[in-house]
Each structure stands twice: as structure tokens, then as C-alpha cells.
Amino acid sequence: MLLIGITGHELTTRERDWLQHDACAGLTLFARNFASRAQVAELTQSIREAAPRPQLICVDQEGGRVQRFRDGYSKLPALHGFEALYQRNAEAALALAREHAWLMASEMRASGVDLSFAPVLDLARGNRAIGDRAFAADPEVVAAFARVYVQGMHEAGMAATLKHFPGHGSVLEDTHHDAAIDPRTLDEIRAHDLVPFAAGIAAGADAVMTAHVTYPQVASEPAGCSRRWIEEILRGDVVNGGLRFRGVVFSDDIGMAAAGAVGGIKARIDAHLDAGCDVVLVSHTQQVDEALAAIQGRRLNTMALAGLLGRGALGWDGLLADARRAGVQARLEDVRAPSLATDILSGATNMGDVA
């Protein structure tokens, strides 16, 4: 199955045709698709009306520099801002992170969006793509935030997606622009980067997004193209050292530079699906026709995404009348992420780019 991107604020005739394809499972929206709160609601409704079956409508609404919808929405602080608060008062920091999750997810659900790809569980260890998108450098601290963030999203009727498995934070390179090689052993990765993912999965996370990072001590392919990472480690039984994840596995966007390590569009799609990914992200519209053609003839797991569709949205009238929203907004004003040198270098800084 594919999640595709579209060009602007309304569906074009060509994009309506894409929605008819059996392999189209939904769309990811970006800043290029945003003009106003009302326009987003109209766009999501038009997508559902144009498609012959339910479509999963997604976005990256993390907060900080990766917040695709802005005017009319709460200003969400970057996740790294919670670390300083945690050092002063761990209980208060975790409670506020849960509220951050609830607020973000509630606003997305009110706009007709099913899924925001969150939370980021990469460690804050200097990666150019991650920067202040990560909660902290300490795996146990990130694990604590993972648990409450999943809970907050669920409370708002949204599934949670842990990214970028098995951890993008401990290498320098930004996979938007470069290949990334992490030379550590599996034991080292288990002791650090996998700790938050294990916590998020135990908390009931519904999906995982893989990284385009290669870990040659574990597998020769990037993680999203590796059966070793997906079928043995992520989905494998605990007794064999696996995380026993039973939800949906997304690729990261195959238009990113690091995805090219396995070849062209068809090769990228085949590699991810053959490795065990359920859904491949094709966010660049110039790649969608080729991607739809490339997936022709494959067996499609059409039921995989049913559990990720949003539930129980208040709608904007109900959300605006909810005193909890205003209270959370006020408390989040005190969360400030320190400026990191890596943040200005990341491909995710571009508000229309993939994250």
C-alpha cells in the first residue's frame, strides 16, 4: 500500500484518479497543502468523498519547526523543550507532554486528519535531521516520555506512530540529503536507541515508521528495507530478542536521498514491502505515477490501516469550547527548546519537506 502526496490546497483531476487506485491507502499533507483551518477541513472532506474506500489522512504535526499547520492552530513547542522541565520536575514534565500530545491530536482530529506521525523517539545526540525534535539524549528519559505521549494521543482518538525505528539520533547525517551509516553493534543499539521504542510499544503504540539509516553490523540494507530489522527485531518474539510489535509498519518517505541506496522508485517500493513494511510513503507528487505503476500486481494488505483511522473527533466547535485546550495552551508557553546548531541544517526545517 502507498501513502501519497498531493500538490496544493485542492485535489486536482489527476489526484482524484490516484485515489481510485487499489494501492492508494491515503495521503500525507504538508505545508504546501495548508492555507487555513477551514481549507484543511474542506480538503480532508473532499478526499474522503473522492475515494471509493476509506483513506488514511496523515501529517507531521510534531511541534517546533515540524508543524505543517500553523495559523489557527496551537503553537506547539518542540519536544526537546521538555527535557529541562523534566530535570526540574519529572512528574510535571511528563504530565505536560501528555497534554501536548492530546492537544496536537485533538486539533488534527477536529480538522479531519486521522494520524500525525508522532512521537519522535530518536535520541537527541546531534543528528542533523532530528535536533530539537527529540525529547532528550537519555534513553530512559525518552522512554518515559514515549509512554505518556502515546497515552495522550490515544485520549484524543488518534493512533500513535513511533519514529524513526530503530533510532536516527545517533548518527550525524540527515537522510533527507545523505546516506547515513551507523556502525554500532546490535547490543549497543538495544542498550540505547531501542529502549524508547520498547516502551512505546508496551504503551500500546499502533504504528512504527522506519529510518533510512543503515546499520551494517546488523544488516546490509537500510532499516526499512531489512527483514532482519522488521521481521526479526521489531516483530519478533521477546524470547528471541524481538519487540513483538503487532501494528502497522510505515517506511519513511522514499523520495529522501538516503532511500536511493536501493535503486529507483520500483526498487525502493519492492525493497520496503519485501522486508515487511505495510505501507510505503511517496510524498513527492512527481513520483506518484511511477509508484502506482510499480506496485501493480502485488498482493495488498488493505485491512492493515483500518485500526489507524481517527476516532471520536470533537469537531472545532467542541474543541474551541473545551476549557482544557486553553489551559494546555497556556501551560505550553513555558516550554522552550534550546536552540541546537543541527536544527538549521535539517531537511525537516523546510516546512513543506518530509520529516
# chains A, B, ... in the order shown; residues from 1 in each chain; ligands from 1
$ residues_around --residues "Thr28 (chain A)" --least-positions-apart "3" --cutoff "10 Å" --atoms "only C-alpha atoms" --output "number ranges by chain"
A: 3-6, 33, 56-60, 113, 115-117, 281-283, 354
$ residues_around --residues "region 37-53 of chain A" --least-positions-apart "3" --cutoff "7 Å" --atoms "only C-alpha atoms" --output "PyMOL selection string"
chain A and resi 9-10+16+19-20+34+72+111-113
$ residues_around --residues "Leu320 (chain A)" --least-positions-apart "5" --cutoff "12 Å" --atoms "only C-alpha atoms" --output "ChimeraX atom specification"
/A:72-74,103,106-107,110,314-315,325-327,329
$ residues_around --residues "Gly200 (chain A)" --least-positions-apart "6" --cutoff "8 Å" --atoms "only C-alpha atoms" --output "list in words"
Ala143, Ala146, Arg147, Val150 and Leu162 of chain A
$ write_last_selection --atoms "C-alpha atoms" --output "compact mmCIF listing (two decimals), in the first residue's frame"
# COMPACT_ATOMS: atom_id res chain seq x y z
CA ALA A 143 11.12 6.08 27.19
CA ALA A 146 7.11 7.82 24.96
CA ARG A 147 4.65 6.20 27.35
CA VAL A 150 1.14 7.56 23.33
CA LEU A 162 6.83 5.74 16.81
$ closest_atom_pairs --of "region 138-161 of chain A" --to "region 172-196 of chain A" --cutoff "10 Å" --atoms "only C-alpha atoms" --output "JSON lines"
{"residue": "A:Asp138", "atom": "CA", "partner": "A:His192", "partner_atom": "CA", "distance": 8.0}
{"residue": "A:Pro139", "atom": "CA", "partner": "A:His192", "partner_atom": "CA", "distance": 5.6}
{"residue": "A:Glu140", "atom": "CA", "partner": "A:Val195", "partner_atom": "CA", "distance": 6.9}
{"residue": "A:Val141", "atom": "CA", "partner": "A:Pro196", "partner_atom": "CA", "distance": 8.3}
{"residue": "A:Val142", "atom": "CA", "partner": "A:Pro196", "partner_atom": "CA", "distance": 5.7}
{"residue": "A:Ala143", "atom": "CA", "partner": "A:Pro196", "partner_atom": "CA", "distance": 3.9}
{"residue": "A:Ala144", "atom": "CA", "partner": "A:Pro196", "partner_atom": "CA", "distance": 7.7}
{"residue": "A:Phe145", "atom": "CA", "partner": "A:Pro196", "partner_atom": "CA", "distance": 8.4}
{"residue": "A:Ala146", "atom": "CA", "partner": "A:Pro196", "partner_atom": "CA", "distance": 6.4}
{"residue": "A:Arg147", "atom": "CA", "partner": "A:Pro196", "partner_atom": "CA", "distance": 8.5}
$ write_last_selection --atoms "N, CA and C atoms" --output "short mmCIF file (atom, residue, chain, number, x, y, z; two decimals), in the first residue's frame"
data_model
loop_
_atom_site.label_atom_id
_atom_site.label_comp_id
_atom_site.auth_asym_id
_atom_site.auth_seq_id
_atom_site.Cartn_x
_atom_site.Cartn_y
_atom_site.Cartn_z
N ASP A 138 19.00 10.87 26.91
CA ASP A 138 18.96 9.71 27.79
C ASP A 138 17.83 8.77 27.36
N PRO A 139 18.13 7.52 27.02
CA PRO A 139 17.09 6.60 26.56
C PRO A 139 15.96 6.39 27.56
N GLU A 140 16.28 6.34 28.84
CA GLU A 140 15.24 6.11 29.84
C GLU A 140 14.31 7.32 29.96
N VAL A 141 14.86 8.50 29.80
CA VAL A 141 14.01 9.71 29.82
C VAL A 141 13.10 9.72 28.60
N VAL A 142 13.63 9.41 27.43
CA VAL A 142 12.81 9.36 26.22
C VAL A 142 11.74 8.28 26.36
N ALA A 143 12.09 7.15 26.98
CA ALA A 143 11.12 6.08 27.19
C ALA A 143 9.95 6.56 28.06
N ALA A 144 10.26 7.31 29.09
CA ALA A 144 9.20 7.83 29.96
C ALA A 144 8.27 8.76 29.19
N PHE A 145 8.84 9.62 28.34
CA PHE A 145 8.01 10.50 27.52
C PHE A 145 7.22 9.70 26.49
N ALA A 146 7.81 8.64 25.96
CA ALA A 146 7.11 7.82 24.96
C ALA A 146 5.81 7.29 25.53
N ARG A 147 5.85 6.79 26.74
CA ARG A 147 4.65 6.20 27.35
C ARG A 147 3.53 7.22 27.47
#
$ select_by_dssp --residues "region 24-214 of chain A" --states "helix (DSSP H, G or I)" --output "PyMOL selection string"
chain A and resi 31-33+37-50+81-88+90-110+131-133+139-155+186-191+194-202
$ atom_distance --atom1 "CA of Arg228 (chain A)" --atom2 "CA of Ile265 (chain A)"
22.0 Å
$ residues_around --residues "Ala23 (chain A)" --least-positions-apart "5" --cutoff "8 Å" --atoms "only C-alpha atoms" --output "VMD selection string"
chain A and resid 1 to 2 292 295 to 296 300
$ closest_atom_pairs --of "region 108-219 of chain A" --to "region 305-311 of chain A" --cutoff "7 Å" --atoms "only C-alpha atoms" --output "Markdown table"
| residue | atom | partner | partner_atom | distance |
| --- | --- | --- | --- | --- |
| A:Arg109 | CA | A:Gly310 | CA | 6.7 |
| A:Asp114 | CA | A:Gly310 | CA | 4.3 |
| A:Leu115 | CA | A:Gly310 | CA | 6.8 |
| A:Gly157 | CA | A:Arg311 | CA | 4.6 |
| A:Met158 | CA | A:Gly310 | CA | 5.3 |
| A:Ala159 | CA | A:Leu308 | CA | 5.6 |
$ write_last_selection --atoms "N, CA, C and O atoms" --output "short mmCIF file (atom, residue, chain, number, x, y, z; two decimals), in the first residue's frame"
data_model
loop_
_atom_site.label_atom_id
_atom_site.label_comp_id
_atom_site.auth_asym_id
_atom_site.auth_seq_id
_atom_site.Cartn_x
_atom_site.Cartn_y
_atom_site.Cartn_z
N ARG A 109 -7.58 15.88 14.69
CA ARG A 109 -8.83 15.15 14.52
C ARG A 109 -9.98 16.12 14.20
O ARG A 109 -10.85 15.81 13.39
N ASP A 114 -6.51 11.91 10.31
CA ASP A 114 -6.53 10.69 11.11
C ASP A 114 -5.29 10.55 11.98
O ASP A 114 -5.38 10.11 13.13
N LEU A 115 -4.13 10.87 11.42
CA LEU A 115 -2.88 10.45 12.03
C LEU A 115 -1.81 11.51 11.86
O LEU A 115 -1.55 11.97 10.75
N GLY A 157 -8.23 10.19 20.52
CA GLY A 157 -8.79 9.38 19.44
C GLY A 157 -7.86 9.20 18.26
O GLY A 157 -8.31 8.91 17.14
N MET A 158 -6.56 9.34 18.49
CA MET A 158 -5.58 9.20 17.42
C MET A 158 -4.59 8.08 17.74
O MET A 158 -4.14 7.95 18.88
N ALA A 159 -4.28 7.28 16.74
CA ALA A 159 -3.24 6.26 16.87
C ALA A 159 -1.88 6.94 16.97
O ALA A 159 -1.68 8.05 16.49
#
$ select_by_dssp --residues "region 175-350 of chain A" --states "strand (DSSP E)" --output "list of chain:residue names"
A:Ala207, A:Val208, A:Met209, A:Thr210, A:Val248, A:Val249, A:Phe250, A:Ser251, A:Asp252, A:Asp253, A:Val279, A:Val280, A:Leu281, A:Val282
$ residues_around --residues "Ala261 (chain A)" --least-positions-apart "2" --cutoff "12 Å" --atoms "only C-alpha atoms" --output "PDB file with C-alpha atoms, in the first residue's frame"
ATOM      1  CA  THR A 175      18.786  11.171   5.410  1.00  0.00           C
ATOM      2  CA  HIS A 177      20.154  14.720   1.875  1.00  0.00           C
ATOM      3  CA  ASP A 178      22.729  11.979   2.556  1.00  0.00           C
ATOM      4  CA  ALA A 179      23.206   8.290   3.191  1.00  0.00           C
ATOM      5  CA  ALA A 180      23.549   7.550   6.904  1.00  0.00           C
ATOM      6  CA  ILE A 181      25.646   4.695   8.296  1.00  0.00           C
ATOM      7  CA  HIS A 212      16.566   5.097   6.038  1.00  0.00           C
ATOM      8  CA  VAL A 213      19.692   4.564   8.159  1.00  0.00           C
ATOM      9  CA  THR A 214      21.917   1.536   7.532  1.00  0.00           C
ATOM     10  CA  SER A 220      23.437  -4.616   4.985  1.00  0.00           C
ATOM     11  CA  GLU A 221      20.266  -2.763   3.934  1.00  0.00           C
ATOM     12  CA  PRO A 222      18.697   0.403   5.384  1.00  0.00           C
ATOM     13  CA  ALA A 223      16.391  -0.485   8.278  1.00  0.00           C
ATOM     14  CA  GLY A 224      13.171  -0.010   6.303  1.00  0.00           C
ATOM     15  CA  CYS A 225      14.407  -2.472   3.657  1.00  0.00           C
ATOM     16  CA  ILE A 254      11.117   7.115  -0.428  1.00  0.00           C
ATOM     17  CA  GLY A 255      11.854  10.473  -2.051  1.00  0.00           C
ATOM     18  CA  MET A 256      14.549  11.160   0.547  1.00  0.00           C
ATOM     19  CA  ALA A 257      18.127  10.945  -0.701  1.00  0.00           C
ATOM     20  CA  ALA A 258      19.113   8.022   1.522  1.00  0.00           C
ATOM     21  CA  ALA A 259      16.276   5.903   0.106  1.00  0.00           C
ATOM     22  CA  GLY A 263      17.749   1.909  -6.572  1.00  0.00           C
ATOM     23  CA  GLY A 264      14.871   3.608  -8.380  1.00  0.00           C
ATOM     24  CA  ILE A 265      11.241   4.019  -7.336  1.00  0.00           C
ATOM     25  CA  ALA A 267      13.260  -0.964  -6.355  1.00  0.00           C
ATOM     26  CA  ARG A 268      12.598   1.184  -3.276  1.00  0.00           C
ATOM     27  CA  ALA A 271      12.593  -3.499  -1.046  1.00  0.00           C
TER      28      ALA A 271
END
$ atom_distance --atom1 "CA of Gly276 (chain A)" --atom2 "CA of Trp229 (chain A)"
9.3 Å
$ decode --residues "region 322-340 of chain A" --atoms "N, CA, C and O atoms" --output "JSON list (two decimals), in the first residue's frame"
[["chain", "number", "residue", "atom", "x", "y", "z"],
["A", 322, "ASP", "N", -13.81, 23.80, 24.70],
["A", 322, "ASP", "CA", -13.23, 22.96, 25.74],
["A", 322, "ASP", "C", -12.19, 23.76, 26.53],
["A", 322, "ASP", "O", -11.15, 24.16, 25.99],
["A", 323, "ALA", "N", -12.43, 23.98, 27.80],
["A", 323, "ALA", "CA", -11.51, 24.76, 28.63],
["A", 323, "ALA", "C", -10.15, 24.10, 28.73],
["A", 323, "ALA", "O", -9.14, 24.77, 28.98],
["A", 324, "ARG", "N", -10.11, 22.80, 28.54],
["A", 324, "ARG", "CA", -8.82, 22.10, 28.63],
["A", 324, "ARG", "C", -7.85, 22.62, 27.57],
["A", 324, "ARG", "O", -6.65, 22.76, 27.85],
["A", 325, "ARG", "N", -8.35, 22.91, 26.37],
["A", 325, "ARG", "CA", -7.47, 23.38, 25.30],
["A", 325, "ARG", "C", -6.77, 24.67, 25.70],
["A", 325, "ARG", "O", -5.55, 24.80, 25.56],
["A", 326, "ALA", "N", -7.55, 25.64, 26.19],
["A", 326, "ALA", "CA", -6.94, 26.92, 26.57],
["A", 326, "ALA", "C", -5.95, 26.74, 27.72],
["A", 326, "ALA", "O", -4.90, 27.39, 27.75],
["A", 327, "GLY", "N", -6.26, 25.86, 28.65],
["A", 327, "GLY", "CA", -5.36, 25.62, 29.76],
["A", 327, "GLY", "C", -4.04, 25.01, 29.32],
["A", 327, "GLY", "O", -2.97, 25.41, 29.79],
["A", 328, "VAL", "N", -4.11, 24.06, 28.40],
["A", 328, "VAL", "CA", -2.89, 23.43, 27.90],
["A", 328, "VAL", "C", -2.06, 24.44, 27.11],
["A", 328, "VAL", "O", -0.83, 24.51, 27.26],
["A", 329, "GLN", "N", -2.72, 25.23, 26.28],
["A", 329, "GLN", "CA", -2.00, 26.25, 25.52],
["A", 329, "GLN", "C", -1.21, 27.16, 26.45],
["A", 329, "GLN", "O", -0.04, 27.48, 26.19],
["A", 330, "ALA", "N", -1.82, 27.58, 27.53],
["A", 330, "ALA", "CA", -1.15, 28.49, 28.46],
["A", 330, "ALA", "C", 0.05, 27.82, 29.11],
["A", 330, "ALA", "O", 1.12, 28.43, 29.25],
["A", 331, "ARG", "N", -0.10, 26.57, 29.51],
["A", 331, "ARG", "CA", 1.00, 25.88, 30.19],
["A", 331, "ARG", "C", 2.15, 25.58, 29.23],
["A", 331, "ARG", "O", 3.32, 25.57, 29.63],
["A", 332, "LEU", "N", 1.85, 25.35, 27.96],
["A", 332, "LEU", "CA", 2.89, 25.05, 26.99],
["A", 332, "LEU", "C", 3.74, 26.28, 26.64],
["A", 332, "LEU", "O", 4.84, 26.13, 26.10],
["A", 333, "GLU", "N", 3.26, 27.47, 26.96],
["A", 333, "GLU", "CA", 4.05, 28.67, 26.69],
["A", 333, "GLU", "C", 5.37, 28.69, 27.46],
["A", 333, "GLU", "O", 6.31, 29.37, 27.07],
["A", 334, "ASP", "N", 5.43, 27.93, 28.55],
["A", 334, "ASP", "CA", 6.64, 27.90, 29.36],
["A", 334, "ASP", "C", 7.65, 26.87, 28.89],
["A", 334, "ASP", "O", 8.75, 26.76, 29.46],
["A", 335, "VAL", "N", 7.30, 26.10, 27.85],
["A", 335, "VAL", "CA", 8.20, 25.07, 27.34],
["A", 335, "VAL", "C", 9.04, 25.68, 26.23],
["A", 335, "VAL", "O", 8.51, 26.10, 25.20],
["A", 336, "ARG", "N", 10.33, 25.73, 26.43],
["A", 336, "ARG", "CA", 11.24, 26.33, 25.45],
["A", 336, "ARG", "C", 12.36, 25.36, 25.13],
["A", 336, "ARG", "O", 13.10, 24.94, 26.02],
["A", 337, "ALA", "N", 12.48, 25.00, 23.87],
["A", 337, "ALA", "CA", 13.58, 24.12, 23.46],
["A", 337, "ALA", "C", 14.82, 24.95, 23.21],
["A", 337, "ALA", "O", 14.75, 25.98, 22.54],
["A", 338, "PRO", "N", 15.98, 24.53, 23.73],
["A", 338, "PRO", "CA", 17.21, 25.26, 23.44],
["A", 338, "PRO", "C", 17.53, 25.18, 21.96],
["A", 338, "PRO", "O", 17.25, 24.18, 21.30],
["A", 339, "SER", "N", 18.09, 26.24, 21.42],
["A", 339, "SER", "CA", 18.47, 26.25, 20.00],
["A", 339, "SER", "C", 19.68, 25.34, 19.81],
["A", 339, "SER", "O", 20.68, 25.44, 20.52],
["A", 340, "LEU", "N", 19.56, 24.42, 18.84],
["A", 340, "LEU", "CA", 20.64, 23.50, 18.53],
["A", 340, "LEU", "C", 21.20, 23.82, 17.16],
["A", 340, "LEU", "O", 20.47, 24.11, 16.22]]
